[in-house]
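Engineer: Got input-v8.txt for you, compact mmCIF, C-alpha atoms:
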# COMPACT_ATOMS: atom_id res chain seq x y z
CA MET T 1 -52.34 -59.57 -7.08
CA LYS T 2 -56.01 -60.30 -6.68
CA ILE T 3 -57.85 -58.79 -3.72
CA ASN T 4 -58.81 -62.17 -2.29
CA GLU T 5 -55.14 -63.27 -2.48
CA PHE T 6 -54.09 -60.04 -0.75
CA ILE T 7 -56.54 -60.60 2.11
CA GLU T 8 -55.46 -64.22 2.47
CA LYS T 9 -51.78 -63.21 2.70
CA VAL T 10 -52.42 -60.33 5.12
CA ASN T 11 -54.46 -62.63 7.35
CA LYS T 12 -51.33 -64.73 7.91
CA VAL T 13 -49.66 -61.83 9.76
CA ALA T 14 -52.50 -59.44 10.70
CA TYR T 15 -56.24 -59.12 10.04
CA ALA T 16 -57.82 -57.86 6.83
CA LYS T 17 -61.52 -57.27 6.24
CA LYS T 18 -63.05 -56.21 2.91
CA ASP T 19 -66.13 -54.01 3.15
CA GLY T 20 -67.42 -52.63 -0.14
CA ASP T 21 -64.56 -50.95 -2.01
CA CYS T 22 -62.41 -50.71 1.12
CA ILE T 23 -60.02 -53.07 2.88
CA TYR T 24 -59.46 -52.52 6.60
CA ILE T 25 -56.25 -53.90 8.10
CA CYS T 26 -56.02 -54.36 11.86
CA ASP T 27 -53.28 -55.81 14.07
CA GLY T 28 -55.62 -58.61 15.17
CA GLU T 29 -59.07 -59.98 14.51
CA THR T 30 -61.80 -57.59 15.62
CA SER T 31 -65.48 -57.00 15.04
CA ASP T 32 -64.88 -53.22 15.21
CA TYR T 33 -62.53 -53.15 12.21
CA LYS T 34 -63.87 -49.76 11.04
CA ASN T 35 -62.43 -48.16 14.17
CA ASP T 36 -59.49 -50.46 14.93
CA TYR T 37 -57.65 -50.38 11.59
CA PHE T 38 -54.10 -49.19 11.25
CA LEU T 39 -54.23 -49.21 7.46
CA LEU T 40 -57.19 -48.63 5.17
CA LEU T 41 -57.10 -49.14 1.41
CA ILE T 42 -59.86 -47.04 -0.11
CA ASN T 43 -61.60 -47.57 -3.44
CA THR T 44 -59.90 -50.74 -4.68
CA LYS T 45 -61.57 -50.24 -8.08
CA THR T 46 -59.34 -47.31 -9.14
CA GLU T 47 -55.70 -47.09 -10.20
CA SER T 48 -55.02 -44.43 -7.58
CA MET T 49 -56.21 -46.43 -4.60
CA ASP T 50 -56.17 -44.09 -1.61
CA THR T 51 -54.89 -45.05 1.81
CA ASP T 52 -55.55 -43.94 5.34
CA TYR T 53 -53.64 -44.98 8.43
CA ASP T 54 -53.71 -44.72 12.19
CA TRP T 55 -50.44 -45.94 13.67
CA SER T 56 -51.85 -45.63 17.20
CA CYS T 57 -53.83 -48.81 16.44
CA VAL T 58 -50.65 -50.84 15.93
CA GLU T 59 -50.09 -52.64 19.22
CA ASN T 60 -50.01 -56.38 18.58
CA ILE T 61 -47.86 -56.55 15.47
CA ASN T 62 -44.07 -56.51 15.22
CA ASP T 63 -41.89 -54.58 12.76
CA ASN T 64 -41.44 -57.55 10.41
CA GLN T 65 -45.18 -58.19 10.23
CA LEU T 66 -45.86 -54.50 9.60
CA ARG T 67 -43.26 -54.50 6.82
CA ASP T 68 -44.90 -57.56 5.26
CA VAL T 69 -48.34 -55.91 5.34
CA LEU T 70 -47.02 -52.69 3.80
CA ASN T 71 -45.19 -54.62 1.06
CA LEU T 72 -48.38 -56.54 0.27
CA ALA T 73 -50.36 -53.27 0.16
CA LYS T 74 -47.80 -51.82 -2.26
CA GLU T 75 -48.03 -54.92 -4.43
CA LEU T 76 -51.83 -54.64 -4.53
CA GLN T 77 -51.62 -50.94 -5.41
CA ASP T 78 -49.18 -51.72 -8.23
CA THR T 79 -51.54 -54.35 -9.68
CA PRO T 80 -53.66 -53.00 -12.56
CA VAL T 81 -57.33 -52.68 -11.53
CA LYS T 82 -58.51 -55.25 -14.08
CA ASP T 83 -56.19 -57.84 -12.50
CA ARG T 84 -57.26 -57.22 -8.87
CA PHE T 85 -60.58 -58.98 -9.10
CA PRO T 86 -61.18 -62.72 -9.50
CA GLU T 87 -62.29 -63.92 -12.91
CA LYS T 88 -66.05 -64.35 -13.18
CA HIS T 89 -67.45 -67.85 -13.46
CA TYR T 90 -70.63 -69.03 -15.10
CA ARG T 91 -72.78 -72.12 -15.07
CA VAL T 92 -75.03 -73.22 -17.90
CA ARG T 93 -78.50 -74.45 -17.01
CA LEU T 94 -79.71 -76.76 -19.74
CA ARG T 95 -83.30 -75.56 -20.13
CA GLY T 96 -85.76 -78.40 -20.59
CA PHE T 97 -83.37 -80.92 -19.02
CA ASN T 98 -84.62 -81.86 -15.55
CA SER T 99 -84.30 -84.93 -13.37
CA ASP T 100 -85.22 -86.13 -9.89
CA GLY T 101 -82.13 -84.22 -8.72
CA GLY T 102 -83.38 -80.93 -10.14
CA HIS T 103 -82.34 -78.76 -13.05
CA GLN T 104 -79.50 -80.07 -15.21
CA TYR T 105 -76.30 -78.09 -15.82
CA LEU T 106 -73.51 -78.37 -18.33
CA THR T 107 -70.82 -80.52 -16.76
CA VAL T 108 -67.33 -81.45 -17.89
CA SER T 109 -65.31 -84.42 -16.71
CA THR T 110 -62.22 -83.37 -14.78
CA ARG T 111 -60.24 -86.47 -15.72
CA TYR T 112 -58.33 -84.40 -18.27
CA SER T 113 -56.35 -81.23 -17.73
CA THR T 114 -58.13 -79.29 -20.46
CA ILE T 115 -61.77 -78.45 -21.10
CA SER T 116 -61.41 -79.41 -24.75
CA LEU T 117 -60.61 -83.06 -23.89
CA GLY T 118 -63.09 -83.70 -21.07
CA SER T 119 -66.41 -85.47 -21.57
CA VAL T 120 -69.38 -83.10 -21.62
CA PHE T 121 -72.65 -84.16 -19.98
CA ALA T 122 -75.65 -82.89 -17.99
CA ALA T 123 -75.95 -83.28 -14.23
CA ALA T 124 -77.82 -81.71 -11.33
CA TRP T 125 -75.90 -78.86 -9.66
CA ASN T 126 -73.08 -80.34 -7.61
CA GLU T 127 -70.18 -78.36 -6.12
CA ASN T 128 -67.93 -81.42 -6.55
CA LEU T 129 -68.30 -81.47 -10.34
CA LYS T 130 -66.81 -79.10 -12.92
CA GLN T 131 -69.94 -77.04 -13.63
CA ALA T 132 -68.64 -73.47 -13.27
CA PHE T 133 -66.62 -72.07 -16.14
CA THR T 134 -64.74 -68.93 -17.06
CA ALA T 135 -65.84 -67.09 -20.21
CA GLU T 136 -62.78 -68.51 -21.98
CA GLU T 137 -63.69 -72.08 -21.00
CA LEU T 138 -67.28 -71.61 -22.23
CA ASN T 139 -65.95 -70.33 -25.55
CA LYS T 140 -63.77 -73.46 -25.89
CA ILE T 141 -66.81 -75.67 -25.27
CA ARG T 142 -68.89 -73.67 -27.79
CA GLU T 143 -66.09 -74.04 -30.34
CA ARG T 144 -66.07 -77.79 -29.73
CA PHE T 145 -69.80 -77.97 -30.54
CA LYS T 146 -69.92 -75.29 -33.26
CA GLY T 147 -71.43 -77.81 -35.71
CA SER T 148 -74.42 -78.41 -33.42
CA LYS T 149 -76.35 -75.16 -33.45
CA TRP T 150 -78.97 -76.36 -30.97
CA ILE T 151 -76.29 -77.22 -28.37
CA VAL T 152 -74.60 -73.82 -28.77
CA SER T 153 -78.00 -72.10 -28.63
CA MET T 154 -78.92 -74.04 -25.48
CA MET T 155 -75.58 -73.06 -23.90
CA ASN T 156 -76.11 -69.37 -24.73
CA ASP T 157 -79.67 -69.33 -23.34
CA GLY T 158 -78.84 -70.87 -19.98
CA VAL T 159 -75.74 -68.92 -18.86
CA GLU T 160 -75.93 -67.80 -15.22
CA GLU T 161 -73.19 -65.97 -13.31
CA VAL T 162 -71.98 -67.72 -10.16
CA GLY T 163 -69.49 -66.67 -7.49
CA GLU T 164 -65.72 -66.44 -7.96
Do you think you could lay out the structure here as structure tokens?

Structural biologist:
Amino acid sequence: MKINEFIEKVNKVAYAKKDGDCIYICDGETSDYKNDYFLLLINTKTESMDTDYDWSCVENINDNQLRDVLNLAKELQDTPVKDRFPEKHYRVRLRGFNSDGGHQYLTVSTRYSTISLGSVFAAAWNENLKQAFTAEELNKIRERFKGSKWIVSMMNDGVEEVGE
């Protein structure tokens, strides 16, 4: 289970807040989560994720909700570290390609279910277009254009990491 999935699921029955390598779990939303947690998952980047708890902070959660949170915490702990974090995404700025809308980025049509079938074009950055790719998707696009060295070179030069 990925950490963001864990937090999303916990937030359906309690309140989870990620802060650095720690996840604080409280029985309700609070701005003082560092003092109000009943369960703390420490160092989410190691196999032996430590926990801390303070059952006196459990007031607004029933037994079933507590069970659900503990089961989710166990599932997260059992997930290998490499699988806990979302896959990185990248965008490719096409250097030298600019328009009135700004810098141009590698864009793929989302009409098809696979990257290898979609039309590839340049467009200004737009959250509504497919312009962020996993490393695997970028490799598929590079493979598609392997005969055009300047396109592959342009793709390699303009790679920028973006959020999850």

Engineer: For a quick check of your reading of the model, name the residues lying within 7 Å of the coordinate (-54.2, -47.0, 6.2), counting only C-alpha atoms, and write them as a PyMOL selection string.

Structural biologist: chain T and resi 38-41+51-54

Engineer: Just C-alpha atoms for this one: save the residues we selected as an mmCIF file, keeping the file's coordinate frame.

Structural biologist:
data_model
loop_
_atom_site.group_PDB
_atom_site.id
_atom_site.type_symbol
_atom_site.label_atom_id
_atom_site.label_comp_id
_atom_site.auth_asym_id
_atom_site.auth_seq_id
_atom_site.Cartn_x
_atom_site.Cartn_y
_atom_site.Cartn_z
ATOM 1 C CA PHE T 38 -54.100 -49.190 11.250
ATOM 2 C CA LEU T 39 -54.230 -49.210 7.460
ATOM 3 C CA LEU T 40 -57.190 -48.630 5.170
ATOM 4 C CA LEU T 41 -57.100 -49.140 1.410
ATOM 5 C CA THR T 51 -54.890 -45.050 1.810
ATOM 6 C CA ASP T 52 -55.550 -43.940 5.340
ATOM 7 C CA TYR T 53 -53.640 -44.980 8.430
ATOM 8 C CA ASP T 54 -53.710 -44.720 12.190
#

Engineer: Given the choices T:Tyr90, T:Gly96, T:Asn60, T:Thr46, which gets closest to Ala122 of chain T if the distance is worked out from all atoms listed in the file?

Structural biologist: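 Closest to Ala122 of chain T of all the choices is T:Gly96.
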
Engineer: Which of these residues is nearest to Asn43 of chain T, using only C-alpha atoms: T:Val81, T:Val58, T:Ala124, T:Val10?

Structural biologist: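 When distances to Asn43 of chain T are compared using only C-alpha atoms, the smallest one comes from T:Val81.
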
Engineer: Using only C-alpha atoms, which residue out of T:Val13, T:Leu138, T:Ile7, T:Ile61 lies closest to Ala73 of chain T?

Structural biologist: T:Ile7

Engineer: What gap, in Å, lies between atom CA of Asp78 of chain T and atom CA of Glu47 of chain T?

Structural biologist: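 If I compute the distance from atom CA of Asp78 of chain T to atom CA of Glu47 of chain T, I get 8.2 Å.
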
Engineer: Select, from T:Lys88, T:Lys45, T:Arg144, T:Lys149, the residue with the minimum atom-to-atom distance to Leu76 of chain T, counting all atoms listed in the file.

Structural biologist: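 Using all atoms listed in the file, the shortest distance to Leu76 of chain T belongs to T:Lys45.
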
Engineer: Calculate how many Å separate atom CA of Ile42 of chain T from atom CA of Asp63 of chain T, rounding to one decimal.

Structural biologist: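 Going from atom CA of Ile42 of chain T over to atom CA of Asp63 of chain T covers 23.4 Å.
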